[in-house]
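Q: Encoded as C-alpha coordinates, here's the structure I'll be asking about.
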Amino acid sequence: MNSVNSFIISISESVGVEVERVNAILSDIGSFYKETKIKKHRRKGFRTIMIPSSDLKSIQRVIVNRYLRKIRTSSCATAYISGKSIVDNVLPHIKNKYFFHSDIHDFFDNIKEEIIFRSFRKEAVFEKLSDDDLMIVIHFLTYKGHCCQGAPSTPMVSNIVMKSFDKEMKRIYGKIENGKYTRYSDDITISSSSKIGVDIKEEVKILLKQFGFEMNDDKTFFSSEKGHNVVTGLSVNNKRYTVSKKWRKMLDSCLYHLLVKNDLKPYYKTKIVGMLNYLKMSQFNAYESLMIKYNTNICSIRGKVENNKEK
(Lines give C-alpha, C1' and ligand atoms only; values in the text may rest on other atoms or scores of the structure.)
Protein backbone atom coordinates (compact mmCIF):
# COMPACT_ATOMS: atom_id res chain seq x y z
CA MET A 1 0.00 0.00 0.00
CA ASN A 2 1.59 3.29 -1.04
CA SER A 3 1.83 6.38 1.14
CA VAL A 4 -0.84 8.30 -0.77
CA ASN A 5 -3.40 5.55 -0.20
CA SER A 6 -2.37 5.30 3.45
CA PHE A 7 -2.88 9.02 3.90
CA ILE A 8 -6.31 8.96 2.23
CA ILE A 9 -7.30 6.06 4.47
CA SER A 10 -6.23 8.00 7.58
CA ILE A 11 -8.35 10.97 6.48
CA SER A 12 -11.27 8.64 5.73
CA GLU A 13 -11.07 7.07 9.19
CA SER A 14 -10.83 10.45 10.93
CA VAL A 15 -13.84 11.86 9.08
CA GLY A 16 -15.92 8.69 9.13
CA VAL A 17 -16.41 8.75 5.37
CA GLU A 18 -15.65 5.87 3.00
CA VAL A 19 -12.33 5.95 1.16
CA GLU A 20 -14.16 5.96 -2.18
CA ARG A 21 -16.03 9.10 -1.14
CA VAL A 22 -12.83 10.85 -0.06
CA ASN A 23 -11.20 9.97 -3.40
CA ALA A 24 -14.28 11.20 -5.27
CA ILE A 25 -14.07 14.56 -3.47
CA LEU A 26 -10.34 14.82 -4.18
CA SER A 27 -10.73 14.05 -7.89
CA ASP A 28 -13.53 16.59 -8.49
CA ILE A 29 -13.32 18.99 -5.58
CA GLY A 30 -15.00 21.87 -7.42
CA SER A 31 -18.32 20.02 -7.53
CA PHE A 32 -18.32 19.80 -3.73
CA TYR A 33 -18.58 23.56 -3.33
CA LYS A 34 -21.72 25.65 -3.62
CA GLU A 35 -21.33 29.26 -4.72
CA THR A 36 -23.29 32.02 -3.04
CA LYS A 37 -23.00 35.80 -3.20
CA ILE A 38 -23.54 38.41 -0.51
CA LYS A 39 -23.81 42.13 -1.09
CA LYS A 40 -20.74 44.14 -0.12
CA HIS A 41 -21.31 46.65 2.66
CA ARG A 42 -20.93 50.30 1.54
CA ARG A 43 -19.63 49.24 -1.86
CA LYS A 44 -21.11 48.15 -5.16
CA GLY A 45 -21.00 44.52 -6.13
CA PHE A 46 -21.14 41.20 -4.37
CA ARG A 47 -18.71 39.02 -2.44
CA THR A 48 -18.41 35.41 -3.62
CA ILE A 49 -18.57 32.76 -0.89
CA MET A 50 -17.82 29.12 -1.67
CA ILE A 51 -19.60 26.79 0.75
CA PRO A 52 -18.05 23.30 0.98
CA SER A 53 -20.29 20.24 1.22
CA SER A 54 -20.68 18.66 4.65
CA ASP A 55 -18.20 15.88 3.82
CA LEU A 56 -15.60 18.25 2.41
CA LYS A 57 -16.06 20.59 5.36
CA SER A 58 -15.49 17.63 7.72
CA ILE A 59 -12.23 16.81 5.91
CA GLN A 60 -11.11 20.43 6.16
CA ARG A 61 -11.85 20.47 9.89
CA VAL A 62 -9.85 17.28 10.40
CA ILE A 63 -6.89 18.95 8.69
CA VAL A 64 -7.38 22.06 10.82
CA ASN A 65 -7.35 20.05 14.04
CA ARG A 66 -4.64 17.60 13.04
CA TYR A 67 -2.20 20.13 11.62
CA LEU A 68 -3.11 23.81 11.36
CA ARG A 69 -4.04 24.45 15.01
CA LYS A 70 -0.58 23.26 16.03
CA ILE A 71 1.21 25.92 13.99
CA ARG A 72 2.21 29.15 15.72
CA THR A 73 1.27 32.30 13.90
CA SER A 74 3.05 35.65 13.75
CA SER A 75 2.71 37.87 16.81
CA CYS A 76 1.73 40.66 14.39
CA ALA A 77 -1.32 38.73 13.19
CA THR A 78 -4.50 39.49 15.13
CA ALA A 79 -7.35 37.95 13.10
CA TYR A 80 -8.61 34.36 13.29
CA ILE A 81 -6.62 33.62 16.45
CA SER A 82 -8.22 32.35 19.63
CA GLY A 83 -8.00 34.96 22.37
CA LYS A 84 -7.24 37.82 19.98
CA SER A 85 -9.60 40.45 18.57
CA ILE A 86 -9.65 43.80 16.80
CA VAL A 87 -8.63 45.36 20.11
CA ASP A 88 -5.29 43.51 19.91
CA ASN A 89 -4.88 44.95 16.44
CA VAL A 90 -5.26 48.48 17.80
CA LEU A 91 -3.41 48.40 21.13
CA PRO A 92 0.17 48.48 19.73
CA HIS A 93 -0.67 51.72 17.92
CA ILE A 94 -2.53 53.83 20.47
CA LYS A 95 0.55 55.75 21.69
CA ASN A 96 1.63 56.68 18.17
CA LYS A 97 0.60 59.74 16.18
CA TYR A 98 1.18 58.81 12.55
CA PHE A 99 -0.33 55.93 10.59
CA PHE A 100 -0.04 54.08 7.30
CA HIS A 101 -3.04 51.94 6.35
CA SER A 102 -3.25 49.46 3.50
CA ASP A 103 -5.28 46.52 2.27
CA ILE A 104 -4.46 43.44 0.20
CA HIS A 105 -6.51 43.17 -2.99
CA ASP A 106 -8.54 39.93 -3.30
CA PHE A 107 -6.56 38.46 -0.41
CA PHE A 108 -7.93 34.91 -0.19
CA ASP A 109 -8.20 34.40 -3.95
CA ASN A 110 -4.50 35.22 -4.29
CA ILE A 111 -3.36 32.65 -1.74
CA LYS A 112 -2.31 30.07 -4.33
CA GLU A 113 -1.39 26.43 -3.88
CA GLU A 114 2.28 27.13 -4.65
CA ILE A 115 2.79 29.57 -1.76
CA ILE A 116 0.73 27.36 0.56
CA PHE A 117 3.04 24.45 -0.26
CA ARG A 118 6.17 26.49 0.42
CA SER A 119 4.73 27.79 3.68
CA PHE A 120 3.53 24.38 4.91
CA ARG A 121 6.87 22.78 4.06
CA LYS A 122 8.53 25.02 6.66
CA GLU A 123 6.30 23.73 9.46
CA ALA A 124 7.31 20.81 11.68
CA VAL A 125 3.78 19.36 11.77
CA PHE A 126 4.08 18.47 8.08
CA GLU A 127 7.63 17.11 8.10
CA LYS A 128 6.51 13.46 8.02
CA LEU A 129 4.27 13.98 5.00
CA SER A 130 5.64 13.33 1.53
CA ASP A 131 5.29 16.07 -1.06
CA ASP A 132 2.43 14.13 -2.66
CA ASP A 133 0.57 13.82 0.64
CA LEU A 134 1.13 17.48 1.40
CA MET A 135 -0.36 18.42 -1.98
CA ILE A 136 -3.40 16.27 -1.12
CA VAL A 137 -3.81 18.28 2.09
CA ILE A 138 -3.55 21.53 0.14
CA HIS A 139 -5.97 20.35 -2.55
CA PHE A 140 -8.60 19.66 0.10
CA LEU A 141 -8.16 23.23 1.38
CA THR A 142 -8.37 25.08 -1.93
CA TYR A 143 -10.74 25.72 -4.83
CA LYS A 144 -9.44 26.10 -8.39
CA GLY A 145 -5.89 26.38 -7.06
CA HIS A 146 -6.42 29.03 -4.41
CA CYS A 147 -8.05 29.63 -1.03
CA CYS A 148 -11.66 30.71 -0.93
CA GLN A 149 -13.96 32.43 1.49
CA GLY A 150 -16.31 29.89 3.02
CA ALA A 151 -13.92 27.06 3.84
CA PRO A 152 -13.34 26.76 7.62
CA SER A 153 -9.63 26.23 7.00
CA THR A 154 -9.00 29.39 4.96
CA PRO A 155 -8.45 31.84 7.87
CA MET A 156 -5.75 29.65 9.43
CA VAL A 157 -4.12 28.96 6.07
CA SER A 158 -3.91 32.71 5.43
CA ASN A 159 -2.09 33.37 8.70
CA ILE A 160 0.37 30.54 8.08
CA VAL A 161 1.12 31.80 4.57
CA MET A 162 1.59 35.35 5.88
CA LYS A 163 4.08 34.41 8.62
CA SER A 164 7.07 35.09 6.38
CA PHE A 165 5.52 38.31 5.11
CA ASP A 166 4.97 39.55 8.67
CA LYS A 167 8.59 38.72 9.48
CA GLU A 168 9.84 40.61 6.42
CA MET A 169 7.73 43.64 7.38
CA LYS A 170 10.08 44.13 10.34
CA ARG A 171 12.66 45.35 7.84
CA ILE A 172 10.24 48.12 6.82
CA TYR A 173 8.59 49.30 10.03
CA GLY A 174 11.74 48.69 12.06
CA LYS A 175 13.39 51.70 10.38
CA ILE A 176 10.87 54.26 11.66
CA GLU A 177 10.69 55.79 15.13
CA ASN A 178 8.74 53.57 17.55
CA GLY A 179 7.50 51.66 14.51
CA LYS A 180 4.60 49.28 15.11
CA TYR A 181 2.97 46.86 12.68
CA THR A 182 -0.15 44.70 12.88
CA ARG A 183 -2.13 42.76 10.32
CA TYR A 184 -5.80 41.91 10.71
CA SER A 185 -6.39 39.44 7.88
CA ASP A 186 -5.81 41.64 4.80
CA ASP A 187 -5.72 44.96 6.70
CA ILE A 188 -2.20 46.31 7.24
CA THR A 189 -1.43 49.02 9.80
CA ILE A 190 1.93 50.67 10.48
CA SER A 191 2.29 53.45 13.02
CA SER A 192 5.05 55.70 14.31
CA SER A 193 5.66 58.46 16.82
CA SER A 194 7.06 60.59 13.98
CA LYS A 195 5.86 61.32 10.46
CA ILE A 196 6.02 58.30 8.14
CA GLY A 197 7.74 58.85 4.81
CA VAL A 198 5.68 58.31 1.65
CA ASP A 199 8.28 55.82 0.36
CA ILE A 200 6.93 53.22 2.80
CA LYS A 201 3.96 52.67 0.49
CA GLU A 202 6.21 51.54 -2.34
CA GLU A 203 8.24 49.30 0.00
CA VAL A 204 5.11 47.52 1.22
CA LYS A 205 3.79 47.24 -2.34
CA ILE A 206 7.02 45.60 -3.51
CA LEU A 207 7.02 43.17 -0.59
CA LEU A 208 3.40 42.21 -1.29
CA LYS A 209 4.29 41.48 -4.92
CA GLN A 210 7.12 39.22 -3.79
CA PHE A 211 4.51 37.12 -1.99
CA GLY A 212 2.09 37.13 -4.93
CA PHE A 213 -0.26 39.84 -3.65
CA GLU A 214 -1.33 43.28 -4.82
CA MET A 215 -1.89 46.39 -2.76
CA ASN A 216 -5.40 47.82 -2.87
CA ASP A 217 -4.57 51.45 -3.68
CA ASP A 218 -8.15 52.56 -3.03
CA LYS A 219 -7.76 51.50 0.60
CA THR A 220 -4.19 52.71 1.11
CA PHE A 221 -3.61 56.04 2.85
CA PHE A 222 -1.72 57.96 5.53
CA SER A 223 -3.29 59.59 8.58
CA SER A 224 -2.22 61.41 11.73
CA GLU A 225 -3.57 62.46 15.12
CA LYS A 226 -4.71 65.72 13.52
CA GLY A 227 -7.21 63.79 11.41
CA HIS A 228 -9.59 60.90 11.95
CA ASN A 229 -7.61 57.74 12.66
CA VAL A 230 -9.48 54.48 12.28
CA VAL A 231 -7.76 51.11 12.74
CA THR A 232 -9.97 48.11 11.85
CA GLY A 233 -13.07 50.11 12.67
CA LEU A 234 -11.84 51.61 15.95
CA SER A 235 -11.10 55.31 16.25
CA VAL A 236 -7.64 55.92 17.74
CA ASN A 237 -7.05 59.30 19.36
CA ASN A 238 -5.46 60.67 22.53
CA LYS A 239 -3.92 57.30 23.40
CA ARG A 240 -7.29 55.55 23.53
CA TYR A 241 -9.61 53.73 21.16
CA THR A 242 -13.37 53.92 20.67
CA VAL A 243 -15.94 52.72 18.17
CA SER A 244 -16.82 55.69 15.99
CA LYS A 245 -20.02 57.60 16.77
CA LYS A 246 -21.23 57.11 13.20
CA TRP A 247 -20.88 53.32 13.51
CA ARG A 248 -22.63 53.24 16.91
CA LYS A 249 -25.46 55.37 15.51
CA MET A 250 -25.89 52.94 12.62
CA LEU A 251 -26.05 49.99 15.03
CA ASP A 252 -28.57 51.82 17.23
CA SER A 253 -30.71 52.41 14.14
CA CYS A 254 -30.52 48.73 13.20
CA LEU A 255 -31.70 47.70 16.67
CA TYR A 256 -34.56 50.19 16.49
CA HIS A 257 -35.75 48.83 13.14
CA LEU A 258 -35.38 45.22 14.32
CA LEU A 259 -36.91 45.49 17.78
CA VAL A 260 -39.35 48.40 17.49
CA LYS A 261 -40.37 48.81 13.85
CA ASN A 262 -39.79 45.17 12.87
CA ASP A 263 -38.65 46.25 9.41
CA LEU A 264 -34.88 45.78 9.43
CA LYS A 265 -33.50 45.23 5.93
CA PRO A 266 -32.41 41.62 5.18
CA TYR A 267 -28.78 42.64 4.67
CA TYR A 268 -28.50 44.01 8.22
CA LYS A 269 -30.30 40.99 9.66
CA THR A 270 -27.30 38.92 8.57
CA LYS A 271 -24.89 41.38 10.18
CA ILE A 272 -26.44 42.68 13.39
CA VAL A 273 -25.33 39.89 15.75
CA GLY A 274 -21.75 40.19 14.49
CA MET A 275 -21.91 43.97 14.87
CA LEU A 276 -23.04 43.61 18.48
CA ASN A 277 -20.26 41.14 19.25
CA TYR A 278 -17.80 43.58 17.69
CA LEU A 279 -19.04 46.37 19.95
CA LYS A 280 -19.07 44.09 22.99
CA MET A 281 -15.42 43.13 22.69
CA SER A 282 -14.18 46.60 21.77
CA GLN A 283 -16.30 48.95 23.88
CA PHE A 284 -18.35 47.06 26.45
CA ASN A 285 -19.90 50.14 28.07
CA ALA A 286 -21.42 51.23 24.76
CA TYR A 287 -22.69 47.69 24.15
CA GLU A 288 -24.24 47.51 27.62
CA SER A 289 -25.94 50.89 27.12
CA LEU A 290 -27.66 49.62 23.97
CA MET A 291 -28.83 46.45 25.72
CA ILE A 292 -30.32 48.54 28.54
CA LYS A 293 -31.90 51.02 26.11
CA TYR A 294 -33.79 48.28 24.30
CA ASN A 295 -34.22 46.03 27.37
CA THR A 296 -32.73 43.07 25.51
CA ASN A 297 -29.66 40.84 25.19
CA ILE A 298 -27.73 39.34 22.33
CA CYS A 299 -29.41 35.92 22.67
CA SER A 300 -32.85 37.50 22.27
CA ILE A 301 -31.65 39.47 19.25
CA ARG A 302 -30.22 36.32 17.67
CA GLY A 303 -33.58 34.59 18.20
CA LYS A 304 -35.44 37.53 16.73
CA VAL A 305 -33.24 37.44 13.63
CA GLU A 306 -33.72 33.68 13.22
CA ASN A 307 -37.50 33.98 13.57
CA ASN A 308 -37.67 36.69 10.92
CA LYS A 309 -35.23 35.38 8.35
CA GLU A 310 -37.91 34.89 5.74
CA LYS A 311 -39.39 38.39 6.12
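Labels used: A, B, ... for chains in the order of the C-alpha coordinates, numbers from 1 for residues in each chain, and numbers from 1 for ligands as shown.
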For the contact check between stretch 159-257 of chain A and stretch 130-153 of chain A, emit one row per residue of stretch 159-257 of chain A within 12 Å, containing the shortest atom pair and the distance in Å rounded to one decimal, counting only C-alpha atoms, chain then rising number order, as CSV.
A:
residue,atom,partner,partner_atom,distance
A:Asn159,CA,A:Ser153,CA,10.5
A:Ile160,CA,A:Ser153,CA,10.9
A:Val161,CA,A:Cys147,CA,11.0
A:Gly212,CA,A:His146,CA,11.8
Q: Okay, now the selection with N, CA and C atoms, as a PDB file, in the first residue's frame?
A:
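Here's the written file result-v9.pdb:
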ATOM      1  N   ASN A 159      -3.068  32.933   7.696  1.00  0.00           N
ATOM      2  CA  ASN A 159      -2.094  33.370   8.697  1.00  0.00           C
ATOM      3  C   ASN A 159      -0.786  32.608   8.598  1.00  0.00           C
ATOM      4  N   ILE A 160      -0.864  31.330   8.241  1.00  0.00           N
ATOM      5  CA  ILE A 160       0.368  30.541   8.078  1.00  0.00           C
ATOM      6  C   ILE A 160       1.162  31.045   6.876  1.00  0.00           C
ATOM      7  N   VAL A 161       0.465  31.294   5.779  1.00  0.00           N
ATOM      8  CA  VAL A 161       1.119  31.805   4.571  1.00  0.00           C
ATOM      9  C   VAL A 161       1.756  33.168   4.825  1.00  0.00           C
ATOM     10  N   GLY A 212       3.182  37.425  -4.015  1.00  0.00           N
ATOM     11  CA  GLY A 212       2.087  37.126  -4.927  1.00  0.00           C
ATOM     12  C   GLY A 212       0.819  37.910  -4.693  1.00  0.00           C
TER      13      GLY A 212
END
Q: Smallest atom-to-atom distance to A:Ser58: which of A:Thr242, A:Ser14, A:Ser235, A:Ser6, using only C-alpha atoms?
A: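 Closest to A:Ser58, using only C-alpha atoms: A:Ser14.
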Q: Where does DSSP see strand (DSSP E) in stretch 1-225 of chain A, if you list the residues as number ranges by chain?
A: A: 33-39, 46-52, 98-103, 180-184, 187-192, 221-224
Q: Would you output that residue set with N, CA and C atoms, as an mmCIF file, in the first residue's frame?
A:
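Listing of again.cif after writing:
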data_model
loop_
_atom_site.group_PDB
_atom_site.id
_atom_site.type_symbol
_atom_site.label_atom_id
_atom_site.label_comp_id
_atom_site.auth_asym_id
_atom_site.auth_seq_id
_atom_site.Cartn_x
_atom_site.Cartn_y
_atom_site.Cartn_z
ATOM 1 N N TYR A 33 -18.376 22.204 -3.836
ATOM 2 C CA TYR A 33 -18.582 23.560 -3.326
ATOM 3 C C TYR A 33 -19.870 24.123 -3.912
ATOM 4 N N LYS A 34 -20.548 24.941 -3.138
ATOM 5 C CA LYS A 34 -21.721 25.651 -3.623
ATOM 6 C C LYS A 34 -21.430 27.141 -3.549
ATOM 7 N N GLU A 35 -21.621 27.818 -4.661
ATOM 8 C CA GLU A 35 -21.330 29.256 -4.720
ATOM 9 C C GLU A 35 -22.528 30.079 -4.268
ATOM 10 N N THR A 36 -22.256 31.065 -3.429
ATOM 11 C CA THR A 36 -23.293 32.022 -3.041
ATOM 12 C C THR A 36 -22.679 33.409 -3.041
ATOM 13 N N LYS A 37 -23.495 34.431 -3.168
ATOM 14 C CA LYS A 37 -22.998 35.801 -3.205
ATOM 15 C C LYS A 37 -23.716 36.640 -2.162
ATOM 16 N N ILE A 38 -22.955 37.484 -1.466
ATOM 17 C CA ILE A 38 -23.545 38.407 -0.511
ATOM 18 C C ILE A 38 -23.146 39.825 -0.902
ATOM 19 N N LYS A 39 -24.045 40.737 -0.706
ATOM 20 C CA LYS A 39 -23.807 42.125 -1.090
ATOM 21 C C LYS A 39 -22.717 42.743 -0.226
ATOM 22 N N PHE A 46 -20.862 42.296 -5.283
ATOM 23 C CA PHE A 46 -21.136 41.197 -4.369
ATOM 24 C C PHE A 46 -19.840 40.462 -4.039
ATOM 25 N N ARG A 47 -19.830 39.839 -2.876
ATOM 26 C CA ARG A 47 -18.708 39.018 -2.444
ATOM 27 C C ARG A 47 -19.056 37.545 -2.687
ATOM 28 N N THR A 48 -18.165 36.820 -3.334
ATOM 29 C CA THR A 48 -18.411 35.405 -3.621
ATOM 30 C C THR A 48 -17.959 34.529 -2.460
ATOM 31 N N ILE A 49 -18.866 33.697 -1.979
ATOM 32 C CA ILE A 49 -18.573 32.764 -0.893
ATOM 33 C C ILE A 49 -18.747 31.349 -1.436
ATOM 34 N N MET A 50 -17.757 30.504 -1.241
ATOM 35 C CA MET A 50 -17.820 29.119 -1.674
ATOM 36 C C MET A 50 -18.066 28.243 -0.447
ATOM 37 N N ILE A 51 -19.219 27.600 -0.405
ATOM 38 C CA ILE A 51 -19.605 26.786 0.746
ATOM 39 C C ILE A 51 -19.283 25.322 0.456
ATOM 40 N N PRO A 52 -18.372 24.717 1.222
ATOM 41 C CA PRO A 52 -18.055 23.300 0.983
ATOM 42 C C PRO A 52 -19.194 22.387 1.436
ATOM 43 N N TYR A 98 1.205 58.841 14.008
ATOM 44 C CA TYR A 98 1.176 58.809 12.550
ATOM 45 C C TYR A 98 0.935 57.374 12.065
ATOM 46 N N PHE A 99 0.124 57.250 11.012
ATOM 47 C CA PHE A 99 -0.333 55.934 10.587
ATOM 48 C C PHE A 99 -0.239 55.753 9.069
ATOM 49 N N PHE A 100 0.055 54.508 8.691
ATOM 50 C CA PHE A 100 -0.044 54.078 7.299
ATOM 51 C C PHE A 100 -0.997 52.891 7.271
ATOM 52 N N HIS A 101 -2.034 52.989 6.455
ATOM 53 C CA HIS A 101 -3.043 51.943 6.352
ATOM 54 C C HIS A 101 -3.031 51.375 4.936
ATOM 55 N N SER A 102 -3.150 50.064 4.826
ATOM 56 C CA SER A 102 -3.249 49.458 3.499
ATOM 57 C C SER A 102 -4.095 48.194 3.568
ATOM 58 N N ASP A 103 -4.394 47.675 2.397
ATOM 59 C CA ASP A 103 -5.277 46.522 2.266
ATOM 60 C C ASP A 103 -4.764 45.670 1.112
ATOM 61 N N LYS A 180 5.455 50.395 14.722
ATOM 62 C CA LYS A 180 4.597 49.280 15.107
ATOM 63 C C LYS A 180 3.864 48.772 13.865
ATOM 64 N N TYR A 181 3.650 47.469 13.824
ATOM 65 C CA TYR A 181 2.966 46.860 12.682
ATOM 66 C C TYR A 181 2.014 45.783 13.169
ATOM 67 N N THR A 182 0.794 45.795 12.651
ATOM 68 C CA THR A 182 -0.148 44.704 12.875
ATOM 69 C C THR A 182 -0.864 44.396 11.566
ATOM 70 N N ARG A 183 -1.360 43.175 11.491
ATOM 71 C CA ARG A 183 -2.134 42.761 10.317
ATOM 72 C C ARG A 183 -3.383 42.032 10.790
ATOM 73 N N TYR A 184 -4.525 42.553 10.407
ATOM 74 C CA TYR A 184 -5.802 41.914 10.714
ATOM 75 C C TYR A 184 -6.349 41.351 9.406
ATOM 76 N N ASP A 187 -5.900 43.546 6.320
ATOM 77 C CA ASP A 187 -5.719 44.960 6.698
ATOM 78 C C ASP A 187 -4.355 45.167 7.348
ATOM 79 N N ILE A 188 -3.555 46.037 6.755
ATOM 80 C CA ILE A 188 -2.197 46.315 7.236
ATOM 81 C C ILE A 188 -2.166 47.683 7.908
ATOM 82 N N THR A 189 -1.589 47.742 9.095
ATOM 83 C CA THR A 189 -1.430 49.020 9.795
ATOM 84 C C THR A 189 0.001 49.162 10.280
ATOM 85 N N ILE A 190 0.611 50.297 9.955
ATOM 86 C CA ILE A 190 1.932 50.667 10.481
ATOM 87 C C ILE A 190 1.771 52.014 11.158
ATOM 88 N N SER A 191 2.369 52.175 12.325
ATOM 89 C CA SER A 191 2.285 53.455 13.020
ATOM 90 C C SER A 191 3.657 53.863 13.537
ATOM 91 N N SER A 192 3.780 55.159 13.844
ATOM 92 C CA SER A 192 5.050 55.705 14.313
ATOM 93 C C SER A 192 4.790 56.934 15.174
ATOM 94 N N PHE A 221 -3.695 54.605 2.543
ATOM 95 C CA PHE A 221 -3.614 56.038 2.849
ATOM 96 C C PHE A 221 -2.801 56.268 4.117
ATOM 97 N N PHE A 222 -2.418 57.521 4.320
ATOM 98 C CA PHE A 222 -1.723 57.958 5.529
ATOM 99 C C PHE A 222 -2.688 58.783 6.381
ATOM 100 N N SER A 223 -2.489 58.756 7.691
ATOM 101 C CA SER A 223 -3.292 59.593 8.581
ATOM 102 C C SER A 223 -2.443 59.993 9.784
ATOM 103 N N SER A 224 -2.942 60.956 10.537
ATOM 104 C CA SER A 224 -2.219 61.413 11.730
ATOM 105 C C SER A 224 -3.214 61.788 12.811
#
